[in-house]
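Trainee: Pasting structure.cif here (mmCIF, C-alpha atoms):
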```
data_coords
loop_
_atom_site.group_PDB
_atom_site.id
_atom_site.type_symbol
_atom_site.label_atom_id
_atom_site.label_comp_id
_atom_site.auth_asym_id
_atom_site.auth_seq_id
_atom_site.Cartn_x
_atom_site.Cartn_y
_atom_site.Cartn_z
ATOM 1 C CA MET V 1 17.572 -10.384 36.005
ATOM 2 C CA ASN V 2 19.570 -9.132 38.961
ATOM 3 C CA ASP V 3 18.549 -11.391 41.858
ATOM 4 C CA LYS V 4 19.870 -8.929 44.427
ATOM 5 C CA SER V 5 17.257 -6.365 43.403
ATOM 6 C CA TYR V 6 14.472 -8.809 44.298
ATOM 7 C CA TYR V 7 12.813 -9.774 47.547
ATOM 8 C CA LEU V 8 11.237 -13.049 48.669
ATOM 9 C CA LEU V 9 7.987 -13.489 50.579
ATOM 10 C CA GLY V 10 7.046 -16.743 52.297
ATOM 11 C CA VAL V 11 3.374 -17.176 53.199
ATOM 12 C CA ASP V 12 1.983 -19.807 55.567
ATOM 13 C CA GLY V 13 -1.750 -19.462 55.025
ATOM 14 C CA GLY V 14 -3.452 -21.843 57.405
ATOM 15 C CA GLY V 15 -7.069 -22.347 58.284
ATOM 16 C CA THR V 16 -6.718 -20.313 61.476
ATOM 17 C CA SER V 17 -4.148 -17.648 60.650
ATOM 18 C CA CYS V 18 -1.853 -16.360 57.926
ATOM 19 C CA ARG V 19 1.826 -15.681 58.654
ATOM 20 C CA VAL V 20 4.311 -14.113 56.258
ATOM 21 C CA ARG V 21 8.077 -13.693 56.267
ATOM 22 C CA LEU V 22 9.811 -11.112 54.054
ATOM 23 C CA ALA V 23 13.437 -11.712 53.099
ATOM 24 C CA THR V 24 16.126 -10.523 50.744
ATOM 25 C CA ALA V 25 16.952 -12.653 47.722
ATOM 26 C CA ASP V 26 19.853 -14.200 49.645
ATOM 27 C CA GLY V 27 17.574 -15.189 52.528
ATOM 28 C CA ARG V 28 18.137 -12.463 55.132
ATOM 29 C CA VAL V 29 14.868 -12.012 57.048
ATOM 30 C CA LEU V 30 13.573 -8.437 57.073
ATOM 31 C CA GLY V 31 10.176 -8.668 58.729
ATOM 32 C CA GLU V 32 7.168 -10.812 59.573
ATOM 33 C CA GLY V 33 3.416 -10.294 59.827
ATOM 34 C CA ARG V 34 0.237 -12.122 60.764
ATOM 35 C CA ALA V 35 -3.437 -11.924 59.798
ATOM 36 C CA GLY V 36 -6.537 -14.151 59.683
ATOM 37 C CA SER V 37 -7.293 -17.372 57.812
ATOM 38 C CA ALA V 38 -6.046 -17.575 54.213
ATOM 39 C CA ASN V 39 -7.855 -20.831 53.431
ATOM 40 C CA VAL V 40 -8.550 -20.845 49.678
ATOM 41 C CA ARG V 41 -11.884 -22.578 50.299
ATOM 42 C CA LEU V 42 -13.097 -19.301 51.833
ATOM 43 C CA GLY V 43 -12.436 -17.535 48.533
ATOM 44 C CA VAL V 44 -9.313 -16.388 46.699
ATOM 45 C CA ASP V 45 -10.171 -12.739 47.307
ATOM 46 C CA ASN V 46 -10.421 -13.395 51.047
ATOM 47 C CA ALA V 47 -7.103 -15.261 51.045
ATOM 48 C CA TYR V 48 -5.345 -12.364 49.301
ATOM 49 C CA ALA V 49 -6.915 -9.833 51.667
ATOM 50 C CA GLU V 50 -5.360 -11.647 54.632
ATOM 51 C CA ILE V 51 -2.030 -12.203 52.854
ATOM 52 C CA LEU V 52 -1.760 -8.522 51.974
ATOM 53 C CA GLN V 53 -2.700 -7.457 55.488
ATOM 54 C CA ALA V 54 0.049 -9.672 56.935
ATOM 55 C CA THR V 55 2.457 -8.455 54.229
ATOM 56 C CA ALA V 56 1.774 -4.824 55.163
ATOM 57 C CA GLU V 57 2.755 -5.645 58.738
ATOM 58 C CA ALA V 58 5.978 -7.303 57.539
ATOM 59 C CA LEU V 59 6.773 -4.261 55.386
ATOM 60 C CA ARG V 60 6.301 -1.943 58.368
ATOM 61 C CA GLU V 61 8.623 -4.076 60.457
ATOM 62 C CA ALA V 62 11.197 -4.022 57.653
ATOM 63 C CA GLY V 63 10.878 -0.245 57.156
ATOM 64 C CA LEU V 64 9.891 -0.712 53.506
ATOM 65 C CA ASP V 65 6.862 0.356 51.485
ATOM 66 C CA ALA V 66 4.548 -1.498 49.127
ATOM 67 C CA SER V 67 6.462 -0.348 46.034
ATOM 68 C CA ILE V 68 8.887 -3.269 46.531
ATOM 69 C CA LEU V 69 6.128 -5.839 45.972
ATOM 70 C CA ALA V 70 6.586 -5.483 42.221
ATOM 71 C CA ARG V 71 10.090 -6.858 42.853
ATOM 72 C CA THR V 72 8.962 -9.512 45.330
ATOM 73 C CA VAL V 73 8.574 -13.163 44.372
ATOM 74 C CA ALA V 74 6.120 -14.891 46.699
ATOM 75 C CA GLY V 75 5.810 -18.498 47.759
ATOM 76 C CA PHE V 76 2.370 -19.397 49.097
ATOM 77 C CA GLY V 77 1.542 -22.396 51.250
ATOM 78 C CA LEU V 78 -2.249 -22.149 51.530
ATOM 79 C CA ALA V 79 -4.830 -24.339 53.208
ATOM 80 C CA GLY V 80 -7.320 -25.610 50.660
ATOM 81 C CA ALA V 81 -5.026 -25.231 47.620
ATOM 82 C CA VAL V 82 -5.411 -28.930 46.914
ATOM 83 C CA ASP V 83 -5.971 -29.001 43.144
ATOM 84 C CA ASP V 84 -4.854 -27.305 39.933
ATOM 85 C CA ALA V 85 -8.037 -25.253 39.624
ATOM 86 C CA ARG V 86 -7.632 -23.628 43.031
ATOM 87 C CA ARG V 87 -3.904 -23.051 42.550
ATOM 88 C CA SER V 88 -4.493 -21.515 39.119
ATOM 89 C CA ALA V 89 -7.127 -19.204 40.573
ATOM 90 C CA VAL V 90 -4.557 -17.945 43.092
ATOM 91 C CA ARG V 91 -1.834 -17.446 40.474
ATOM 92 C CA ASP V 92 -4.237 -15.701 38.060
ATOM 93 C CA PHE V 93 -5.653 -13.318 40.639
ATOM 94 C CA ALA V 94 -4.706 -9.638 40.214
ATOM 95 C CA HIS V 95 -1.899 -9.484 42.769
ATOM 96 C CA PRO V 96 0.959 -6.995 43.295
ATOM 97 C CA PHE V 97 3.825 -9.517 43.268
ATOM 98 C CA ALA V 98 6.455 -10.199 40.611
ATOM 99 C CA GLY V 99 5.436 -13.852 40.687
ATOM 100 C CA VAL V 100 3.608 -16.393 42.838
ATOM 101 C CA ALA V 101 4.423 -20.056 43.441
ATOM 102 C CA ILE V 102 1.778 -22.019 45.326
ATOM 103 C CA GLU V 103 1.364 -25.304 47.166
ATOM 104 C CA THR V 104 -0.700 -26.310 50.190
ATOM 105 C CA ASP V 105 0.416 -25.302 53.668
ATOM 106 C CA ALA V 106 1.261 -28.957 54.331
ATOM 107 C CA HIS V 107 3.658 -28.992 51.361
ATOM 108 C CA THR V 108 5.502 -25.892 52.542
ATOM 109 C CA ALA V 109 5.606 -27.228 56.106
ATOM 110 C CA CYS V 110 7.362 -30.328 54.738
ATOM 111 C CA LEU V 111 9.826 -28.258 52.709
ATOM 112 C CA GLY V 112 10.624 -26.072 55.698
ATOM 113 C CA ALA V 113 10.936 -28.967 58.137
ATOM 114 C CA HIS V 114 13.757 -30.532 56.129
ATOM 115 C CA GLY V 115 15.282 -27.430 54.531
ATOM 116 C CA GLY V 116 14.211 -28.674 51.100
ATOM 117 C CA GLU V 117 16.027 -32.006 51.576
ATOM 118 C CA PRO V 118 14.161 -35.336 51.313
ATOM 119 C CA GLY V 119 11.928 -36.033 54.285
ATOM 120 C CA ALA V 120 8.388 -36.226 55.562
ATOM 121 C CA ILE V 121 6.032 -34.669 58.079
ATOM 122 C CA LEU V 122 3.073 -36.062 59.957
ATOM 123 C CA ILE V 123 0.604 -33.400 61.068
ATOM 124 C CA LEU V 124 -1.498 -34.376 64.078
ATOM 125 C CA GLY V 125 -3.773 -31.472 64.949
ATOM 126 C CA THR V 126 -7.492 -30.973 64.530
ATOM 127 C CA GLY V 127 -6.985 -32.986 61.341
ATOM 128 C CA SER V 128 -4.159 -35.272 60.248
ATOM 129 C CA CYS V 129 -2.026 -35.494 57.128
ATOM 130 C CA GLY V 130 1.282 -36.978 56.003
ATOM 131 C CA VAL V 131 3.539 -35.479 53.326
ATOM 132 C CA TYR V 132 6.736 -36.909 51.823
ATOM 133 C CA GLN V 133 9.001 -34.762 49.638
ATOM 134 C CA ASN V 134 11.969 -35.849 47.539
ATOM 135 C CA ALA V 135 13.594 -33.718 44.823
ATOM 136 C CA GLY V 136 10.591 -31.392 44.685
ATOM 137 C CA ARG V 137 8.088 -34.217 44.230
ATOM 138 C CA PHE V 138 5.409 -34.575 46.890
ATOM 139 C CA GLN V 139 3.292 -37.502 47.999
ATOM 140 C CA VAL V 140 0.372 -36.849 50.341
ATOM 141 C CA ILE V 141 -1.476 -39.347 52.518
ATOM 142 C CA GLY V 142 -4.628 -38.519 54.431
ATOM 143 C CA GLY V 143 -5.848 -35.015 55.037
ATOM 144 C CA TRP V 144 -8.968 -35.481 52.944
ATOM 145 C CA GLY V 145 -11.344 -34.072 55.527
ATOM 146 C CA PHE V 146 -13.078 -35.072 58.707
ATOM 147 C CA MET V 147 -15.816 -37.200 57.158
ATOM 148 C CA ILE V 148 -13.546 -39.540 55.202
ATOM 149 C CA SER V 149 -10.050 -39.158 56.674
ATOM 150 C CA ASP V 150 -8.146 -37.447 59.533
ATOM 151 C CA GLN V 151 -7.468 -40.625 61.486
ATOM 152 C CA GLY V 152 -5.448 -40.122 64.662
ATOM 153 C CA SER V 153 -6.399 -36.435 64.807
ATOM 154 C CA GLY V 154 -7.986 -34.333 67.532
ATOM 155 C CA ALA V 155 -11.302 -34.317 65.688
ATOM 156 C CA TRP V 156 -11.126 -38.116 65.342
ATOM 157 C CA LEU V 157 -10.384 -38.412 69.070
ATOM 158 C CA GLY V 158 -13.308 -36.173 70.017
ATOM 159 C CA LEU V 159 -15.745 -37.902 67.676
ATOM 160 C CA ASN V 160 -14.925 -41.322 69.080
ATOM 161 C CA LEU V 161 -15.208 -40.022 72.634
ATOM 162 C CA VAL V 162 -18.720 -38.765 71.867
ATOM 163 C CA ARG V 163 -19.648 -42.098 70.282
ATOM 164 C CA GLN V 164 -18.399 -44.094 73.270
ATOM 165 C CA ALA V 165 -20.123 -41.742 75.709
ATOM 166 C CA MET V 166 -23.411 -42.237 73.869
ATOM 167 C CA LEU V 167 -22.978 -46.010 74.110
ATOM 168 C CA ALA V 168 -22.446 -45.621 77.837
ATOM 169 C CA LEU V 169 -25.551 -43.434 78.129
ATOM 170 C CA ASP V 170 -27.551 -46.158 76.382
ATOM 171 C CA GLY V 171 -26.188 -48.758 78.814
ATOM 172 C CA MET V 172 -24.317 -50.677 76.107
ATOM 173 C CA ILE V 173 -20.906 -50.214 77.734
ATOM 174 C CA GLU V 174 -19.757 -49.349 81.229
ATOM 175 C CA PRO V 175 -19.458 -45.606 81.891
ATOM 176 C CA THR V 176 -16.155 -44.152 83.057
ATOM 177 C CA PRO V 177 -15.290 -40.817 84.677
ATOM 178 C CA LEU V 178 -14.361 -39.534 81.206
ATOM 179 C CA SER V 179 -17.681 -40.481 79.610
ATOM 180 C CA ARG V 180 -19.539 -38.994 82.586
ATOM 181 C CA ALA V 181 -17.556 -35.736 82.312
ATOM 182 C CA LEU V 182 -18.327 -35.468 78.611
ATOM 183 C CA LEU V 183 -22.029 -36.176 79.037
ATOM 184 C CA ALA V 184 -22.308 -33.725 81.930
ATOM 185 C CA ARG V 185 -21.614 -30.986 79.391
ATOM 186 C CA PHE V 186 -24.826 -32.028 77.660
ATOM 187 C CA GLU V 187 -26.835 -32.548 80.860
ATOM 188 C CA ASN V 188 -26.802 -36.312 80.172
ATOM 189 C CA SER V 189 -29.278 -35.820 77.348
ATOM 190 C CA GLN V 190 -29.105 -37.754 74.078
ATOM 191 C CA SER V 191 -31.171 -35.097 72.351
ATOM 192 C CA ARG V 192 -28.734 -32.353 73.439
ATOM 193 C CA VAL V 193 -25.827 -34.348 72.038
ATOM 194 C CA LEU V 194 -27.786 -34.877 68.816
ATOM 195 C CA ASP V 195 -28.631 -31.179 68.471
ATOM 196 C CA TRP V 196 -24.993 -30.255 69.061
ATOM 197 C CA SER V 197 -23.679 -32.874 66.608
ATOM 198 C CA GLU V 198 -25.832 -31.551 63.773
ATOM 199 C CA GLN V 199 -23.973 -28.232 63.928
ATOM 200 C CA ALA V 200 -20.539 -29.379 65.160
ATOM 201 C CA ARG V 201 -17.426 -28.798 63.079
ATOM 202 C CA PRO V 202 -14.107 -30.701 63.283
ATOM 203 C CA ARG V 203 -12.677 -28.076 65.652
ATOM 204 C CA ASP V 204 -15.651 -28.633 67.990
ATOM 205 C CA TYR V 205 -14.851 -32.332 68.235
ATOM 206 C CA GLY V 206 -11.137 -31.536 68.505
ATOM 207 C CA ALA V 207 -11.883 -29.347 71.535
ATOM 208 C CA PHE V 208 -12.530 -32.567 73.507
ATOM 209 C CA ALA V 209 -8.984 -33.882 72.954
ATOM 210 C CA PRO V 210 -7.581 -32.132 76.097
ATOM 211 C CA LEU V 211 -10.329 -33.817 78.148
ATOM 212 C CA VAL V 212 -9.178 -37.233 76.903
ATOM 213 C CA LEU V 213 -5.559 -36.412 77.775
ATOM 214 C CA GLN V 214 -6.578 -35.158 81.227
ATOM 215 C CA PHE V 215 -8.422 -38.362 82.099
ATOM 216 C CA ALA V 216 -5.723 -40.574 80.569
ATOM 217 C CA ALA V 217 -3.315 -39.090 83.118
ATOM 218 C CA GLU V 218 -5.775 -40.342 85.753
ATOM 219 C CA GLN V 219 -5.759 -43.839 84.176
ATOM 220 C CA ASP V 220 -9.338 -43.645 82.898
ATOM 221 C CA PRO V 221 -9.844 -46.838 80.838
ATOM 222 C CA LEU V 222 -11.850 -45.144 78.080
ATOM 223 C CA ALA V 223 -9.269 -42.378 77.697
ATOM 224 C CA ILE V 224 -6.465 -44.928 77.467
ATOM 225 C CA GLN V 225 -8.423 -46.991 74.928
ATOM 226 C CA LEU V 226 -8.991 -43.923 72.742
ATOM 227 C CA LEU V 227 -5.331 -42.842 72.876
ATOM 228 C CA GLN V 228 -4.137 -46.356 72.108
ATOM 229 C CA GLN V 229 -6.359 -46.407 69.037
ATOM 230 C CA SER V 230 -5.204 -42.910 68.009
ATOM 231 C CA GLY V 231 -1.598 -44.054 68.348
ATOM 232 C CA ARG V 232 -2.275 -47.030 66.097
ATOM 233 C CA GLU V 233 -3.975 -44.811 63.503
ATOM 234 C CA ALA V 234 -1.122 -42.291 63.533
ATOM 235 C CA GLY V 235 1.351 -45.169 63.443
ATOM 236 C CA ALA V 236 -0.267 -46.474 60.261
ATOM 237 C CA LEU V 237 0.322 -43.058 58.647
ATOM 238 C CA LEU V 238 3.956 -43.127 59.811
ATOM 239 C CA ALA V 239 4.423 -46.617 58.405
ATOM 240 C CA ARG V 240 3.057 -45.541 55.039
ATOM 241 C CA LEU V 241 5.442 -42.571 54.919
ATOM 242 C CA GLN V 242 8.293 -44.994 55.575
ATOM 243 C CA GLN V 243 7.065 -47.236 52.738
ATOM 244 C CA LEU V 244 7.142 -44.232 50.407
ATOM 245 C CA GLY V 245 10.820 -43.767 51.196
ATOM 246 C CA ALA V 246 10.885 -41.399 54.160
ATOM 247 C CA GLU V 247 13.860 -41.922 56.456
ATOM 248 C CA ARG V 248 13.098 -38.842 58.582
ATOM 249 C CA VAL V 249 9.685 -37.663 59.755
ATOM 250 C CA CYS V 250 8.864 -34.527 61.730
ATOM 251 C CA LEU V 251 5.755 -34.584 63.907
ATOM 252 C CA MET V 252 3.733 -31.379 63.781
ATOM 253 C CA GLY V 253 0.454 -30.068 65.170
ATOM 254 C CA GLY V 254 -1.034 -29.655 68.614
ATOM 255 C CA LEU V 255 -1.425 -33.404 69.244
ATOM 256 C CA SER V 256 2.020 -34.395 68.000
ATOM 257 C CA GLU V 257 3.712 -34.391 71.400
ATOM 258 C CA PRO V 258 0.765 -35.739 73.461
ATOM 259 C CA LEU V 259 0.401 -38.671 71.025
ATOM 260 C CA ARG V 260 4.120 -39.463 70.802
ATOM 261 C CA PRO V 261 4.022 -41.898 73.783
ATOM 262 C CA TRP V 262 1.194 -43.799 72.110
ATOM 263 C CA LEU V 263 2.941 -44.333 68.763
ATOM 264 C CA PRO V 264 4.360 -47.776 67.876
ATOM 265 C CA LYS V 265 7.838 -48.004 69.419
ATOM 266 C CA THR V 266 9.194 -49.638 66.258
ATOM 267 C CA LEU V 267 8.618 -46.382 64.338
ATOM 268 C CA LEU V 268 10.039 -43.886 66.841
ATOM 269 C CA GLY V 269 13.459 -44.043 65.150
ATOM 270 C CA LEU V 270 11.975 -42.194 62.156
ATOM 271 C CA LEU V 271 11.198 -39.080 64.173
ATOM 272 C CA CYS V 272 13.386 -35.972 64.073
ATOM 273 C CA ALA V 273 13.176 -32.290 64.975
ATOM 274 C CA PRO V 274 12.232 -29.838 62.190
ATOM 275 C CA ALA V 275 14.949 -27.650 60.688
ATOM 276 C CA GLY V 276 12.506 -24.826 59.903
ATOM 277 C CA ASP V 277 8.855 -23.871 59.644
ATOM 278 C CA ALA V 278 6.252 -23.510 56.893
ATOM 279 C CA MET V 279 7.304 -19.921 56.132
ATOM 280 C CA ASP V 280 10.836 -21.197 55.493
ATOM 281 C CA GLY V 281 9.337 -23.749 53.114
ATOM 282 C CA ALA V 282 7.339 -21.052 51.346
ATOM 283 C CA LEU V 283 10.516 -18.985 50.955
ATOM 284 C CA LEU V 284 12.126 -22.020 49.295
ATOM 285 C CA LEU V 285 9.204 -22.083 46.821
ATOM 286 C CA ALA V 286 9.754 -18.390 46.112
ATOM 287 C CA ARG V 287 13.504 -18.908 45.699
ATOM 288 C CA ARG V 288 12.924 -21.685 43.150
ATOM 289 C CA LEU V 289 10.526 -19.514 41.150
ATOM 290 C CA LEU V 290 13.019 -16.650 41.143
ATOM 291 C CA ASN V 291 15.756 -19.010 39.911
ATOM 292 C CA GLU V 292 13.497 -20.366 37.159
ATOM 293 C CA THR V 293 12.622 -16.839 36.040
ATOM 294 C CA ALA V 294 16.281 -15.859 35.949
ATOM 295 C CA GLU V 295 17.227 -18.790 33.678
#
```
Rewrite the structure of this file - the entire thing - as structure tokens.
Mentor:
Amino acid sequence: MNDKSYYLLGVDGGGTSCRVRLATADGRVLGEGRAGSANVRLGVDNAYAEILQATAEALREAGLDASILARTVAGFGLAGAVDDARRSAVRDFAHPFAGVAIETDAHTACLGAHGGEPGAILILGTGSCGVYQNAGRFQVIGGWGFMISDQGSGAWLGLNLVRQAMLALDGMIEPTPLSRALLARFENSQSRVLDWSEQARPRDYGAFAPLVLQFAAEQDPLAIQLLQQSGREAGALLARLQQLGAERVCLMGGLSEPLRPWLPKTLLGLLCAPAGDAMDGALLLARRLLNETAE
């Protein structure tokens, strides 16, 4: 196989959006594109529809047509691709690519953050997840969903704010300006909070995280308590990554910087800036598959 006649496609298929990066076999970036969520849990056909839409945009930017996809090896980092059955379903789907390598979007984010070298990431966004990679082997901690995991995340922060606000409404703890502000959104009604909670998703709870940060800046005691606890929870994930062997950890996600001051100071020496993004990690997956095919 002549590697130079092939192209590489790196796909970062998150729960909110799908981004792709098209490159030559030697890594020169030709174009990028974006589309909607490529979460495998929404269906493999839906994920491919978004991937192909983003790929079409990248092709237009590169001035190339879809005929090259038969000579394009793709690396997918997809939300929801957490087990062999889902990954096999993606690989076995009728796709236009020369080959597809697949991991979760957290795996490719870890690969990209350290350029394929050993290292770890800690994602602190709506959810939370830690990933350590060494020599192509991954170890994942957390990230098992809002109901049983996601400690230190935005959804965790919002859920615990709602719980504390309800305690204040019942007179079990002292209210604070933060709890009052939260309850004002529900007209200080337990039943309105209950009705909302029965339909609320993790992102709905995570939407309260900026409110906590706002009131923490004003020294609200409840906000500070919640951020201290979030810092401890995130710190426990960092400590576990260190136990697994990580000497460098990149923080990622919308809460990564706001929570940094609340992390245990003894672990701050682990933190480093990422070398690349999840699309870079997906391109590394594609590059490895191309090399394996050429052998």
Trainee: If the PyMOL selection byres ((chain V and resi 159) around 12) is run on the structure shown, which residues does it catch, given as number ranges by chain?
Mentor: V: 126-127, 146-147, 150-158, 160-166, 182, 193, 197, 200-209, 212, 226, 230
Trainee: Which of these residues is nearest to Arg240 (chain V), using all atoms listed in the file: V:Ala184, V:Leu222, V:Val140, V:Ala286?
Mentor: V:Val140
Trainee: Select all residues near (-3.6, -5.6, 44.2) (cut-off 12 Å, inclusive, file coordinates), counting all atoms listed in the file, and output them as a PyMOL selection string.
Mentor: chain V and resi 45+48-49+51-53+66-67+69-70+92-98
Trainee: Please write the residues picked by the PyMOL selection byres ((chain V and resi 287) around 8) on this file as a ChimeraX atom specification.
Mentor: /V:8,25,73,75,283-286,288-291
Trainee: Once the PyMOL selection byres ((chain V and resi 188) around 12) has been applied to the shown file, what residues remain in the selection, as a VMD selection string?
Mentor: chain V and resid 162 165 to 166 168 to 170 175 179 to 187 189 to 194
Trainee: May I ask which of the residues V:Val82, V:Ile173, V:Ala216, V:Val40 is the closest one to Gly145 (chain V), counting only C-alpha atoms?
Mentor: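 Closest to Gly145 (chain V) of all the choices is V:Val82.
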Trainee: For each of V:Arg71, V:Arg260, V:Arg60, V:Arg34, take the minimum atom-to-atom distance to Val11 (chain V), counting all atoms listed in the file, then give the residue where this is smallest.
Mentor: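 Of V:Arg71, V:Arg260, V:Arg60, V:Arg34, the one nearest Val11 (chain V) is V:Arg34, counting all atoms listed in the file.
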Trainee: With a cut-off of 10 Å, could you pull out the residues of region 52-97 of chain V touching region 102-111 of chain V and give me the nearest pair of atoms for each, distance in Å to one decimal, using only C-alpha atoms, ordered by chain and ascending number, as a tab-separated table?
Mentor:
```
residue	atom	partner	partner_atom	distance
V:Ala74	CA	V:Ile102	CA	8.5
V:Gly75	CA	V:Ile102	CA	5.9
V:Phe76	CA	V:Ile102	CA	4.6
V:Gly77	CA	V:Asp105	CA	3.9
V:Leu78	CA	V:Thr104	CA	4.6
V:Ala79	CA	V:Asp105	CA	5.4
V:Gly80	CA	V:Thr104	CA	6.7
V:Ala81	CA	V:Thr104	CA	5.1
V:Val82	CA	V:Thr104	CA	6.3
V:Asp83	CA	V:Glu103	CA	9.1
V:Asp84	CA	V:Glu103	CA	9.7
V:Arg86	CA	V:Ile102	CA	9.8
V:Arg87	CA	V:Ile102	CA	6.4
V:Ser88	CA	V:Ile102	CA	8.8
V:Val90	CA	V:Ile102	CA	7.9
V:Arg91	CA	V:Ile102	CA	7.6
```
Trainee: What gap, in Å, lies between CA of Val131 (chain V) and CA of Ala294 (chain V)?
Mentor: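 Separation between CA of Val131 (chain V) and CA of Ala294 (chain V): 29.1 Å.
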Trainee: Pick out the closest residue to Leu213 (chain V) from this set: V:Trp144, V:Trp262, V:Tyr6, V:Phe138. Count all atoms listed in the file.
Mentor: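 Ranking V:Trp144, V:Trp262, V:Tyr6, V:Phe138 by distance to Leu213 (chain V), first place goes to V:Trp262.
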